[in-house]
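Trainee: Provided herewith: query-v2.cif, mmCIF, C-alpha atoms.
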```cif
data_work
loop_
_atom_site.label_atom_id
_atom_site.label_comp_id
_atom_site.auth_asym_id
_atom_site.auth_seq_id
_atom_site.Cartn_x
_atom_site.Cartn_y
_atom_site.Cartn_z
CA MET S 1 15.33 -22.92 -9.71
CA ASN S 2 13.81 -22.58 -13.16
CA TYR S 3 10.22 -21.53 -12.79
CA SER S 4 8.62 -19.23 -15.31
CA THR S 5 7.78 -15.79 -14.02
CA SER S 6 5.84 -14.68 -17.07
CA GLU S 7 2.74 -12.79 -16.12
CA GLY S 8 -0.33 -14.98 -15.86
CA LYS S 9 1.65 -18.23 -15.43
CA ARG S 10 1.20 -20.55 -12.49
CA ILE S 11 4.08 -21.51 -10.24
CA PRO S 12 4.19 -23.92 -7.28
CA SER S 13 2.02 -22.83 -4.35
CA TRP S 14 4.98 -23.23 -2.00
CA ILE S 15 6.60 -20.25 -3.71
CA ILE S 16 3.63 -18.08 -2.71
CA PHE S 17 3.86 -19.49 0.83
CA LEU S 18 7.58 -18.70 0.92
CA LEU S 19 6.94 -15.15 -0.29
CA ALA S 20 4.26 -14.66 2.38
CA THR S 21 6.58 -15.98 5.10
CA ALA S 22 9.50 -13.89 3.87
CA CYS S 23 7.40 -10.71 3.77
CA GLY S 24 6.22 -11.36 7.33
CA LEU S 25 9.73 -11.94 8.71
CA ILE S 26 11.16 -8.92 6.91
CA VAL S 27 8.47 -6.38 7.73
CA ALA S 28 8.37 -7.48 11.38
CA ASN S 29 11.62 -5.57 11.82
CA LEU S 30 9.68 -2.31 11.45
CA TYR S 31 7.47 -3.13 14.43
CA TYR S 32 9.60 -4.80 17.09
CA ALA S 33 10.23 -1.45 18.72
CA GLN S 34 6.55 -0.42 18.97
CA THR S 35 5.84 -2.20 22.25
CA LEU S 36 9.40 -1.53 23.50
CA VAL S 37 9.23 2.27 23.28
CA GLY S 38 9.40 2.57 27.08
CA PRO S 39 12.50 0.42 27.78
CA ILE S 40 14.36 1.56 24.66
CA SER S 41 13.81 5.27 25.37
CA THR S 42 14.93 4.76 28.98
CA ALA S 43 18.06 2.86 27.95
CA THR S 44 19.04 5.30 25.21
CA GLY S 45 18.16 8.52 27.04
CA LEU S 46 15.24 9.70 24.90
CA SER S 47 12.64 11.94 26.60
CA PRO S 48 8.95 10.84 26.66
CA GLY S 49 8.05 13.47 24.08
CA ALA S 50 10.77 12.24 21.72
CA ALA S 51 10.12 8.53 22.27
CA GLY S 52 8.01 8.40 19.12
CA LEU S 53 11.24 8.83 17.12
CA ILE S 54 12.02 5.18 17.88
CA VAL S 55 9.21 4.18 15.53
CA THR S 56 9.16 7.25 13.30
CA VAL S 57 12.81 7.04 12.17
CA THR S 58 12.32 3.42 11.09
CA GLN S 59 9.30 4.45 9.05
CA ILE S 60 11.22 7.34 7.49
CA GLY S 61 13.91 4.87 6.40
CA TYR S 62 11.20 2.68 4.93
CA VAL S 63 9.74 5.61 2.99
CA LEU S 64 13.18 6.45 1.56
CA GLY S 65 13.62 2.84 0.52
CA LEU S 66 10.20 2.78 -1.09
CA LEU S 67 10.99 5.86 -3.14
CA PHE S 68 14.59 5.08 -4.12
CA ILE S 69 15.06 1.28 -3.86
CA VAL S 70 11.71 -0.30 -4.75
CA PRO S 71 11.54 1.44 -8.17
CA LEU S 72 14.73 -0.44 -9.05
CA SER S 73 12.59 -3.59 -9.24
CA ASP S 74 11.39 -2.30 -12.62
CA ILE S 75 14.93 -2.37 -14.05
CA ILE S 76 17.04 -4.75 -11.90
CA GLU S 77 16.67 -8.52 -11.51
CA ASN S 78 14.35 -8.82 -8.53
CA ARG S 79 15.96 -11.68 -6.59
CA ARG S 80 19.34 -9.93 -6.55
CA LEU S 81 17.75 -6.67 -5.41
CA VAL S 82 15.97 -8.44 -2.55
CA VAL S 83 19.20 -10.08 -1.36
CA LEU S 84 21.14 -6.80 -1.43
CA SER S 85 18.39 -5.05 0.54
CA LEU S 86 18.39 -7.79 3.17
CA VAL S 87 22.15 -7.47 3.64
CA ILE S 88 21.48 -3.86 4.72
CA VAL S 89 18.85 -5.10 7.18
CA ILE S 90 21.21 -7.65 8.73
CA ALA S 91 23.96 -5.07 9.29
CA ALA S 92 21.47 -2.60 10.79
CA LEU S 93 19.99 -5.22 13.13
CA VAL S 94 23.46 -6.03 14.44
CA ALA S 95 24.04 -2.31 15.06
CA ALA S 96 20.70 -2.02 16.91
CA THR S 97 21.65 -5.00 19.07
CA LEU S 98 24.88 -3.27 20.13
CA ALA S 99 23.37 0.23 20.48
CA SER S 100 23.86 1.94 23.85
CA ASN S 101 22.81 5.50 22.95
CA ALA S 102 20.00 7.19 21.04
CA LEU S 103 22.09 8.30 18.05
CA LEU S 104 23.38 4.80 17.28
CA PHE S 105 19.99 3.16 17.79
CA LEU S 106 18.13 5.70 15.66
CA THR S 107 20.72 5.42 12.89
CA ALA S 108 20.38 1.64 12.95
CA SER S 109 16.59 2.04 12.89
CA LEU S 110 16.81 4.23 9.78
CA PHE S 111 18.72 1.50 7.92
CA ILE S 112 16.45 -1.26 9.22
CA GLY S 113 13.59 0.60 7.57
CA LEU S 114 15.60 1.29 4.42
CA GLY S 115 16.48 -2.36 3.80
CA SER S 116 13.15 -3.81 4.87
CA VAL S 117 11.59 -2.53 1.65
CA ALA S 118 12.66 -5.94 0.31
CA ALA S 119 9.16 -7.01 1.38
CA GLN S 120 7.67 -4.46 -1.03
CA ILE S 121 9.77 -5.84 -3.85
CA LEU S 122 8.44 -9.33 -3.13
CA VAL S 123 4.75 -8.35 -3.03
CA PRO S 124 4.53 -7.03 -6.63
CA TYR S 125 6.95 -9.81 -7.64
CA ALA S 126 4.24 -12.26 -6.56
CA THR S 127 1.72 -10.59 -8.84
CA TYR S 128 3.90 -11.32 -11.87
CA LEU S 129 3.37 -14.99 -11.06
CA SER S 130 -0.43 -14.82 -11.12
CA SER S 131 -3.18 -14.29 -13.65
CA GLU S 132 -5.47 -11.26 -13.54
CA GLU S 133 -8.44 -13.18 -12.16
CA GLN S 134 -6.32 -14.62 -9.33
CA ARG S 135 -4.45 -11.44 -8.47
CA GLY S 136 -6.65 -10.46 -5.52
CA ARG S 137 -6.28 -13.90 -3.97
CA VAL S 138 -2.51 -13.99 -4.48
CA VAL S 139 -2.03 -10.48 -3.10
CA GLY S 140 -4.32 -11.35 -0.18
CA ASN S 141 -2.36 -14.51 0.65
CA VAL S 142 1.04 -12.81 0.46
CA MET S 143 -0.22 -9.79 2.36
CA SER S 144 -1.71 -12.00 5.06
CA GLY S 145 1.82 -13.29 5.68
CA LEU S 146 3.15 -9.75 5.76
CA LEU S 147 0.40 -8.61 8.12
CA LEU S 148 0.92 -11.58 10.42
CA GLY S 149 4.56 -10.50 10.60
CA ILE S 150 3.46 -6.99 11.59
CA MET S 151 1.05 -8.24 14.22
CA PHE S 152 3.22 -10.99 15.70
CA ALA S 153 6.22 -8.61 15.85
CA ARG S 154 4.78 -6.70 18.79
CA PRO S 155 4.00 -9.65 21.12
CA VAL S 156 7.18 -11.50 20.16
CA ALA S 157 9.28 -8.42 20.93
CA SER S 158 7.57 -8.01 24.30
CA PHE S 159 7.99 -11.68 25.23
CA VAL S 160 11.68 -11.70 24.26
CA SER S 161 12.29 -8.41 26.07
CA GLY S 162 10.63 -9.81 29.19
CA LEU S 163 12.82 -12.94 29.09
CA TRP S 164 16.11 -11.22 28.28
CA SER S 165 16.31 -7.57 27.20
CA TRP S 166 15.13 -5.39 24.34
CA HIS S 167 18.48 -5.94 22.58
CA ALA S 168 17.74 -9.66 22.20
CA ILE S 169 14.94 -9.34 19.64
CA PHE S 170 17.21 -7.50 17.22
CA ALA S 171 19.96 -10.12 17.63
CA ILE S 172 17.51 -12.96 16.99
CA SER S 173 16.08 -11.20 13.95
CA ALA S 174 19.56 -10.66 12.51
CA VAL S 175 20.13 -14.43 12.54
CA VAL S 176 16.67 -15.17 11.10
CA ILE S 177 17.04 -12.64 8.27
CA ALA S 178 20.52 -13.97 7.43
CA LEU S 179 19.12 -17.50 7.04
CA LEU S 180 16.15 -16.19 5.05
CA THR S 181 18.50 -14.31 2.70
CA ILE S 182 20.42 -17.49 1.94
CA LEU S 183 17.17 -19.40 1.30
CA LEU S 184 15.68 -16.77 -1.01
CA SER S 185 18.91 -16.47 -3.00
CA ARG S 186 18.80 -20.20 -3.69
CA VAL S 187 15.14 -20.98 -4.38
CA LEU S 188 13.39 -17.90 -5.75
CA PRO S 189 12.91 -17.87 -9.52
CA LYS S 190 14.64 -15.03 -11.29
CA ARG S 191 12.63 -12.14 -12.69
CA GLN S 192 14.52 -9.92 -15.08
CA PRO S 193 12.45 -6.88 -16.10
CA MET S 194 12.79 -5.30 -19.52
CA PRO S 195 13.65 -1.68 -18.62
CA THR S 196 12.58 1.16 -20.89
CA MET S 197 14.47 3.87 -18.97
CA ASN S 198 17.50 4.37 -16.73
CA TYR S 199 17.40 4.93 -12.96
CA GLY S 200 17.28 8.73 -13.25
CA GLY S 201 14.34 8.54 -15.60
CA LEU S 202 12.72 5.99 -13.32
CA ILE S 203 12.87 8.32 -10.31
CA ARG S 204 11.68 11.30 -12.36
CA SER S 205 8.75 9.24 -13.58
CA LEU S 206 7.44 8.87 -10.01
CA GLY S 207 6.02 12.39 -10.08
CA THR S 208 4.37 11.77 -13.45
CA LEU S 209 2.85 8.50 -12.23
CA LEU S 210 1.48 10.18 -9.13
CA LYS S 211 0.06 13.09 -11.13
CA ASN S 212 -1.55 10.92 -13.80
CA THR S 213 -2.91 8.12 -11.61
CA PRO S 214 -5.89 9.31 -9.54
CA ILE S 215 -6.61 5.81 -8.23
CA LEU S 216 -3.09 5.68 -6.81
CA ARG S 217 -3.47 9.06 -5.09
CA ARG S 218 -6.82 8.18 -3.59
CA ARG S 219 -5.93 4.67 -2.42
CA ALA S 220 -2.62 5.90 -0.96
CA PHE S 221 -4.43 8.65 0.97
CA TYR S 222 -6.97 6.15 2.30
CA GLN S 223 -4.23 3.86 3.59
CA ALA S 224 -2.11 6.74 4.91
CA SER S 225 -5.05 7.82 7.06
CA LEU S 226 -5.67 4.34 8.41
CA PHE S 227 -2.00 3.54 8.91
CA GLY S 228 -1.51 6.84 10.70
CA THR S 229 -4.16 5.85 13.25
CA PHE S 230 -2.67 2.36 13.45
CA SER S 231 0.79 3.75 14.27
CA LEU S 232 -0.66 6.27 16.71
CA PHE S 233 -2.48 3.48 18.56
CA TRP S 234 0.34 0.95 18.75
CA THR S 235 2.99 3.55 19.62
CA THR S 236 0.99 4.67 22.67
CA VAL S 237 -1.07 1.68 23.79
CA SER S 238 1.91 -0.04 25.43
CA LEU S 239 2.40 3.08 27.56
CA ARG S 240 -1.31 3.08 28.39
CA LEU S 241 -1.21 -0.59 29.36
CA SER S 242 1.74 -0.14 31.68
CA ASP S 243 0.62 3.20 33.18
CA THR S 244 -3.09 2.44 33.74
CA PHE S 245 -3.35 -1.35 33.87
CA HIS S 246 0.18 -1.94 35.24
CA LEU S 247 0.90 -4.72 32.74
CA THR S 248 4.39 -6.21 32.44
CA GLN S 249 6.07 -6.75 29.07
CA GLN S 250 4.55 -10.26 29.03
CA GLY S 251 1.11 -8.77 29.68
CA ILE S 252 1.61 -6.25 26.89
CA ALA S 253 2.69 -9.13 24.64
CA LEU S 254 -0.56 -10.98 25.34
CA PHE S 255 -2.52 -7.83 24.52
CA ALA S 256 -0.60 -7.40 21.27
CA LEU S 257 -1.48 -10.96 20.27
CA ALA S 258 -5.07 -9.76 19.96
CA GLY S 259 -4.09 -7.78 16.90
CA VAL S 260 -3.17 -10.99 15.10
CA ALA S 261 -6.89 -11.68 14.70
CA GLY S 262 -7.07 -8.64 12.45
CA ALA S 263 -4.91 -10.34 9.81
CA VAL S 264 -7.88 -12.52 8.86
CA ALA S 265 -9.27 -9.51 6.98
CA ALA S 266 -6.46 -9.58 4.39
CA PRO S 267 -7.26 -12.79 2.46
CA ILE S 268 -11.00 -12.19 2.87
CA SER S 269 -10.68 -8.69 1.42
CA GLY S 270 -8.65 -10.02 -1.50
CA ARG S 271 -11.29 -12.61 -2.38
CA TRP S 272 -14.21 -10.20 -1.99
CA ALA S 273 -12.39 -7.56 -4.03
CA ASP S 274 -12.17 -10.12 -6.85
CA ARG S 275 -15.99 -10.16 -6.69
CA GLY S 276 -16.25 -6.39 -7.09
CA TRP S 277 -16.82 -5.34 -3.46
CA THR S 278 -13.86 -2.95 -3.18
CA ARG S 279 -15.88 0.23 -2.62
CA THR S 280 -18.12 -1.25 0.09
CA LEU S 281 -15.19 -2.81 1.93
CA THR S 282 -13.23 0.45 1.82
CA GLY S 283 -16.03 2.35 3.54
CA PHE S 284 -16.37 -0.42 6.10
CA ALA S 285 -12.64 -0.18 6.92
CA PHE S 286 -13.02 3.50 7.86
CA VAL S 287 -16.09 2.74 9.98
CA LEU S 288 -14.23 -0.04 11.83
CA ALA S 289 -11.23 2.19 12.59
CA THR S 290 -13.40 5.08 13.80
CA ALA S 291 -15.50 2.76 15.97
CA ALA S 292 -12.34 1.25 17.49
CA PHE S 293 -11.18 4.62 18.79
CA LEU S 294 -14.70 5.52 19.89
CA LEU S 295 -14.70 2.42 22.11
CA ALA S 296 -11.31 3.36 23.53
CA TYR S 297 -12.56 6.90 24.24
CA LEU S 298 -15.83 5.90 25.90
CA PHE S 299 -14.22 3.36 28.24
CA GLN S 300 -11.08 4.92 29.71
CA GLY S 301 -11.13 3.42 33.20
CA ASP S 302 -8.81 0.80 34.63
CA SER S 303 -11.44 -1.96 34.96
CA ASN S 304 -11.31 -5.39 33.35
CA THR S 305 -14.19 -4.30 31.12
CA ALA S 306 -12.18 -1.32 29.85
CA LEU S 307 -9.22 -3.61 29.15
CA ALA S 308 -11.42 -6.13 27.30
CA LEU S 309 -12.92 -3.37 25.16
CA LEU S 310 -9.43 -2.06 24.42
CA VAL S 311 -8.56 -5.55 23.12
CA LEU S 312 -11.66 -5.44 20.93
CA ALA S 313 -10.67 -1.99 19.68
CA ALA S 314 -7.22 -3.31 18.71
CA ILE S 315 -8.76 -6.16 16.72
CA MET S 316 -11.20 -3.84 14.94
CA LEU S 317 -8.46 -1.35 14.07
CA ASP S 318 -6.12 -4.02 12.74
CA MET S 319 -8.90 -5.55 10.64
CA GLY S 320 -9.69 -2.20 9.05
CA VAL S 321 -6.06 -1.42 8.27
CA SER S 322 -5.12 -4.87 6.95
CA GLY S 323 -8.25 -5.29 4.86
CA ASN S 324 -7.95 -1.88 3.24
CA LEU S 325 -4.28 -2.44 2.47
CA VAL S 326 -5.09 -5.44 0.29
CA LEU S 327 -7.87 -3.50 -1.45
CA GLY S 328 -5.46 -0.68 -2.25
CA GLN S 329 -2.70 -2.91 -3.53
CA ARG S 330 -5.06 -4.92 -5.70
CA ALA S 331 -6.36 -1.68 -7.23
CA ILE S 332 -2.94 -0.30 -8.13
CA TYR S 333 -1.59 -3.67 -9.35
CA SER S 334 -4.45 -3.72 -11.86
CA LEU S 335 -3.11 -0.55 -13.51
CA GLY S 336 -0.46 -2.40 -15.55
CA SER S 337 2.71 -4.41 -15.08
CA ALA S 338 5.42 -2.18 -16.57
CA ALA S 339 5.39 0.31 -13.67
CA ARG S 340 4.12 -1.99 -10.93
CA GLY S 341 7.26 -1.62 -8.79
CA ARG S 342 7.08 2.17 -8.94
CA LEU S 343 3.33 2.23 -8.31
CA ASN S 344 3.78 0.00 -5.28
CA GLY S 345 6.69 2.11 -4.05
CA LEU S 346 4.67 5.32 -4.29
CA PHE S 347 1.63 3.74 -2.65
CA MET S 348 3.63 2.36 0.26
CA ALA S 349 5.74 5.51 0.66
CA ILE S 350 2.70 7.75 0.94
CA PHE S 351 0.95 5.62 3.50
CA PHE S 352 4.12 5.13 5.54
CA VAL S 353 4.45 8.90 5.69
CA GLY S 354 1.03 8.72 7.32
CA GLY S 355 2.40 6.12 9.72
CA ALA S 356 5.42 8.25 10.62
CA ILE S 357 3.16 11.23 11.30
CA GLY S 358 0.83 9.05 13.36
CA SER S 359 3.57 7.60 15.58
CA SER S 360 5.08 11.05 16.23
CA LEU S 361 1.65 12.55 16.87
CA GLY S 362 0.79 9.71 19.21
CA ALA S 363 3.90 10.14 21.35
CA TRP S 364 3.32 13.90 21.52
CA SER S 365 -0.39 13.67 22.35
CA TYR S 366 0.14 11.02 25.02
CA ALA S 367 2.95 12.99 26.66
CA TYR S 368 1.04 16.27 26.74
CA GLY S 369 -2.67 15.35 26.63
CA GLY S 370 -2.87 11.79 27.90
CA TRP S 371 -4.82 8.88 26.50
CA GLY S 372 -7.99 10.96 26.05
CA LEU S 373 -6.39 13.35 23.56
CA THR S 374 -4.63 10.48 21.79
CA VAL S 375 -7.81 8.53 21.08
CA LEU S 376 -9.70 11.67 20.05
CA ILE S 377 -7.07 12.33 17.39
CA GLY S 378 -7.15 8.66 16.44
CA MET S 379 -10.92 8.83 15.98
CA ALA S 380 -10.87 12.06 13.96
CA ILE S 381 -8.41 10.89 11.30
CA PRO S 382 -10.37 7.91 9.86
CA PHE S 383 -13.65 9.81 10.23
CA LEU S 384 -12.37 12.70 8.11
CA ALA S 385 -10.92 10.21 5.62
CA PHE S 386 -14.34 8.53 5.43
CA LEU S 387 -15.91 11.87 4.50
CA TYR S 388 -13.37 12.17 1.69
CA PHE S 389 -14.13 8.57 0.64
CA LEU S 390 -17.78 9.56 0.15
CA THR S 391 -16.65 11.87 -2.69
CA GLU S 392 -15.28 8.91 -4.66
CA LYS S 393 -17.02 8.17 -7.91
CA LYS S 394 -18.33 4.62 -8.16
CA GLN S 395 -16.20 3.77 -11.16
CA ALA S 396 -13.00 4.78 -9.27
#
```
Could you spell out this file's structure in structure tokens?
Mentor:
Amino acid sequence: MNYSTSEGKRIPSWIIFLLATACGLIVANLYYAQTLVGPISTATGLSPGAAGLIVTVTQIGYVLGLLFIVPLSDIIENRRLVVLSLVIVIAALVAATLASNALLFLTASLFIGLGSVAAQILVPYATYLSSEEQRGRVVGNVMSGLLLGIMFARPVASFVSGLWSWHAIFAISAVVIALLTILLSRVLPKRQPMPTMNYGGLIRSLGTLLKNTPILRRRAFYQASLFGTFSLFWTTVSLRLSDTFHLTQQGIALFALAGVAGAVAAPISGRWADRGWTRTLTGFAFVLATAAFLLAYLFQGDSNTALALLVLAAIMLDMGVSGNLVLGQRAIYSLGSAARGRLNGLFMAIFFVGGAIGSSLGAWSYAYGGWGLTVLIGMAIPFLAFLYFLTEKKQA
């Protein structure tokens, strides 16, 4: 296909739709295991306290990919880099499907995370196709696809696991990603960056970018805090639902579908950010996340009311996380195009470190302090981040 990818040019809207769909399908691989922590840990011999590794190792792989693969999008033709990354994902998904012990599954999980950074090559790639005044809308639309992938991953994995086994979702995804790879390799327009440095210089420049870009540091910290609480919640809520409410995998899947409603915040945030509401929306995201955990803490019984309020808490949390993500990405994409891949890689790496910490902390707190301790920690993190947000200067 021969579509221009010069910055500020328009391309067919179906390309943006394809990018949104691709991001959703790719990033879903990071989240299939979240509602399957129980059956996977049982099948692979992981203890309850170590069950969080099922999610954490995938996120660690993603962080490594963000730091060492995504920056390559500033020097290597983007379509080719995406295809190569997805080949890694396909191989890792096949390995996860065949895994019968913890070591093999966790190794496969590491590489699933590593290759899934293809989604974070596609998101800044989309911004090269849009003008400055449309950037928030484009990022919001692509990110809504990515976030729908995150949120549908959990219920889909639970439904598939209930019908067959937890292995099946990884086998199905391997086929889907293989077909997607073929499609993207054929229809995506090429984008060849004009590199000003080699790979070594590119990696060394990450520290300089982080040091000299206060907006990046602040926005990455905001999202790390919110994503940490997000990972803490979704790593443990499936255990809560089965232990307290005695839900089956299908019941957990229906609960997880509630989170899909939170994806509506992504395109809305993008549009409102274009109107200059970034600061107000950021504060609101922290308030939503804190209030979500407060609800979960105040109503800890096993009644239908407690379950309904837990659903509401999930929606509120997902709205806060998804909305703030778009705000952060729009802010860093406005810093310039030459380093956009590296800026995005740093931003995503930092907040996924928060996610890895959150999932590990969640598994530990649930195993040793129960749901009460877990939601208290979940409430404290966004509240403290909100206090830090209040120190932000208005022009930041």
Trainee: Return as a VMD selection string the set of residues that the PyMOL selection byres ((chain S and resi 349-362) around 9) yields on the displayed structure.
Mentor: chain S and resid 49 to 53 55 to 60 62 to 67 217 220 to 236 344 to 348 363 to 367 374 to 375 377 to 378
Trainee: Got time to write the residues from that selection, C-alpha atoms, as a PDB file, in the frame of the given file?
Mentor:
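That gives us again07.pdb:
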```pdb
ATOM      1  CA  GLY S  49       8.050  13.470  24.080  1.00  0.00           C
ATOM      2  CA  ALA S  50      10.770  12.240  21.720  1.00  0.00           C
ATOM      3  CA  ALA S  51      10.120   8.530  22.270  1.00  0.00           C
ATOM      4  CA  GLY S  52       8.010   8.400  19.120  1.00  0.00           C
ATOM      5  CA  LEU S  53      11.240   8.830  17.120  1.00  0.00           C
ATOM      6  CA  VAL S  55       9.210   4.180  15.530  1.00  0.00           C
ATOM      7  CA  THR S  56       9.160   7.250  13.300  1.00  0.00           C
ATOM      8  CA  VAL S  57      12.810   7.040  12.170  1.00  0.00           C
ATOM      9  CA  THR S  58      12.320   3.420  11.090  1.00  0.00           C
ATOM     10  CA  GLN S  59       9.300   4.450   9.050  1.00  0.00           C
ATOM     11  CA  ILE S  60      11.220   7.340   7.490  1.00  0.00           C
ATOM     12  CA  TYR S  62      11.200   2.680   4.930  1.00  0.00           C
ATOM     13  CA  VAL S  63       9.740   5.610   2.990  1.00  0.00           C
ATOM     14  CA  LEU S  64      13.180   6.450   1.560  1.00  0.00           C
ATOM     15  CA  GLY S  65      13.620   2.840   0.520  1.00  0.00           C
ATOM     16  CA  LEU S  66      10.200   2.780  -1.090  1.00  0.00           C
ATOM     17  CA  LEU S  67      10.990   5.860  -3.140  1.00  0.00           C
ATOM     18  CA  ARG S 217      -3.470   9.060  -5.090  1.00  0.00           C
ATOM     19  CA  ALA S 220      -2.620   5.900  -0.960  1.00  0.00           C
ATOM     20  CA  PHE S 221      -4.430   8.650   0.970  1.00  0.00           C
ATOM     21  CA  TYR S 222      -6.970   6.150   2.300  1.00  0.00           C
ATOM     22  CA  GLN S 223      -4.230   3.860   3.590  1.00  0.00           C
ATOM     23  CA  ALA S 224      -2.110   6.740   4.910  1.00  0.00           C
ATOM     24  CA  SER S 225      -5.050   7.820   7.060  1.00  0.00           C
ATOM     25  CA  LEU S 226      -5.670   4.340   8.410  1.00  0.00           C
ATOM     26  CA  PHE S 227      -2.000   3.540   8.910  1.00  0.00           C
ATOM     27  CA  GLY S 228      -1.510   6.840  10.700  1.00  0.00           C
ATOM     28  CA  THR S 229      -4.160   5.850  13.250  1.00  0.00           C
ATOM     29  CA  PHE S 230      -2.670   2.360  13.450  1.00  0.00           C
ATOM     30  CA  SER S 231       0.790   3.750  14.270  1.00  0.00           C
ATOM     31  CA  LEU S 232      -0.660   6.270  16.710  1.00  0.00           C
ATOM     32  CA  PHE S 233      -2.480   3.480  18.560  1.00  0.00           C
ATOM     33  CA  TRP S 234       0.340   0.950  18.750  1.00  0.00           C
ATOM     34  CA  THR S 235       2.990   3.550  19.620  1.00  0.00           C
ATOM     35  CA  THR S 236       0.990   4.670  22.670  1.00  0.00           C
ATOM     36  CA  ASN S 344       3.780   0.000  -5.280  1.00  0.00           C
ATOM     37  CA  GLY S 345       6.690   2.110  -4.050  1.00  0.00           C
ATOM     38  CA  LEU S 346       4.670   5.320  -4.290  1.00  0.00           C
ATOM     39  CA  PHE S 347       1.630   3.740  -2.650  1.00  0.00           C
ATOM     40  CA  MET S 348       3.630   2.360   0.260  1.00  0.00           C
ATOM     41  CA  ALA S 363       3.900  10.140  21.350  1.00  0.00           C
ATOM     42  CA  TRP S 364       3.320  13.900  21.520  1.00  0.00           C
ATOM     43  CA  SER S 365      -0.390  13.670  22.350  1.00  0.00           C
ATOM     44  CA  TYR S 366       0.140  11.020  25.020  1.00  0.00           C
ATOM     45  CA  ALA S 367       2.950  12.990  26.660  1.00  0.00           C
ATOM     46  CA  THR S 374      -4.630  10.480  21.790  1.00  0.00           C
ATOM     47  CA  VAL S 375      -7.810   8.530  21.080  1.00  0.00           C
ATOM     48  CA  ILE S 377      -7.070  12.330  17.390  1.00  0.00           C
ATOM     49  CA  GLY S 378      -7.150   8.660  16.440  1.00  0.00           C
TER      50      GLY S 378
END
```
Trainee: Using all atoms listed in the file, determine which residues lie at most 8 Å from S:Thr290, disregarding the query and same-chain residues fewer than 5 positions distant; provide the list as a list of chain:residue names.
Mentor: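 Using all atoms listed in the file, the neighbours found are S:Gly378, S:Met379, S:Ala380, S:Pro382, S:Phe383.
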Trainee: Taking into account all atoms listed in the file, which residue in the set S:Ala331, S:Ala157, S:Ala118, S:Ala92 is nearest to S:Leu72?
Mentor: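 Closest candidate: S:Ala118.
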Trainee: List the spatial neighbours of stretch 32-39 of chain S as a PDB file with C-alpha atoms, in the frame of the given file - criterion: any atom at most 8 Å away, all atoms listed in the file, same-chain residues fewer than 2 positions off excluded.
Mentor:
```pdb
ATOM      1  CA  ALA S  28       8.370  -7.480  11.380  1.00  0.00           C
ATOM      2  CA  ASN S  29      11.620  -5.570  11.820  1.00  0.00           C
ATOM      3  CA  LEU S  30       9.680  -2.310  11.450  1.00  0.00           C
ATOM      4  CA  SER S  41      13.810   5.270  25.370  1.00  0.00           C
ATOM      5  CA  THR S  42      14.930   4.760  28.980  1.00  0.00           C
ATOM      6  CA  ALA S  43      18.060   2.860  27.950  1.00  0.00           C
ATOM      7  CA  ALA S  51      10.120   8.530  22.270  1.00  0.00           C
ATOM      8  CA  GLY S  52       8.010   8.400  19.120  1.00  0.00           C
ATOM      9  CA  ILE S  54      12.020   5.180  17.880  1.00  0.00           C
ATOM     10  CA  VAL S  55       9.210   4.180  15.530  1.00  0.00           C
ATOM     11  CA  ALA S 153       6.220  -8.610  15.850  1.00  0.00           C
ATOM     12  CA  ARG S 154       4.780  -6.700  18.790  1.00  0.00           C
ATOM     13  CA  PRO S 155       4.000  -9.650  21.120  1.00  0.00           C
ATOM     14  CA  VAL S 156       7.180 -11.500  20.160  1.00  0.00           C
ATOM     15  CA  ALA S 157       9.280  -8.420  20.930  1.00  0.00           C
ATOM     16  CA  SER S 158       7.570  -8.010  24.300  1.00  0.00           C
ATOM     17  CA  SER S 161      12.290  -8.410  26.070  1.00  0.00           C
ATOM     18  CA  TRP S 166      15.130  -5.390  24.340  1.00  0.00           C
ATOM     19  CA  ILE S 169      14.940  -9.340  19.640  1.00  0.00           C
ATOM     20  CA  TRP S 234       0.340   0.950  18.750  1.00  0.00           C
ATOM     21  CA  THR S 235       2.990   3.550  19.620  1.00  0.00           C
ATOM     22  CA  SER S 238       1.910  -0.040  25.430  1.00  0.00           C
ATOM     23  CA  LEU S 239       2.400   3.080  27.560  1.00  0.00           C
ATOM     24  CA  ILE S 252       1.610  -6.250  26.890  1.00  0.00           C
ATOM     25  CA  ALA S 253       2.690  -9.130  24.640  1.00  0.00           C
TER      26      ALA S 253
END
```
Trainee: Once the PyMOL selection byres ((chain S and resi 21-25) around 6) is applied to the coordinates I shared, what remains selected? I want it as a list in words.
Mentor: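 So the PyMOL selection byres ((chain S and resi 21-25) around 6) ends up selecting Leu18, Leu19, Ala20, Ile26, Val27, Ala28, Ala119, Gly145, Leu146 and Gly149 of chain S.
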Trainee: Determine, counting all atoms listed in the file, every residue of protein, DNA or RNA that lies within 9 Å of (20.8, -12.2, -5.7) in the file coordinates, then give the result as a list in words.
Mentor: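 Protein, DNA and RNA residues close to (20.8, -12.2, -5.7): Glu77, Asn78, Arg79, Arg80, Leu81, Val82, Val83, Leu84, Thr181, Leu184, Ser185, Arg186 and Lys190 of chain S.
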Trainee: Under the rule that all atoms listed in the file are counted, which of S:Met143, S:Leu110, S:Arg271, S:Gln120 is the nearest residue to S:Phe17?
Mentor: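 Counting all atoms listed in the file, the residue closest to S:Phe17 is S:Met143.
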Trainee: So what do you get for atom CA of S:Ser100 versus atom CA of S:Thr44, distance-wise?
Mentor: 6.0 Å
Trainee: Just give me the gap between atom CA of S:Ala178 and atom CA of S:Met194 in Å, one decimal is fine.
Mentor: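 These atoms are spaced 29.3 Å apart.
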Trainee: Check which residues satisfy the PyMOL selection byres ((chain S and resi 203) around 10) in the file shown, then give them as a list in words.
Mentor: Leu67, Phe68, Ile69, Pro71, Leu72, Met197, Asn198, Tyr199, Gly200, Gly201, Leu202, Arg204, Ser205, Leu206, Gly207, Thr208 and Arg342 of chain S
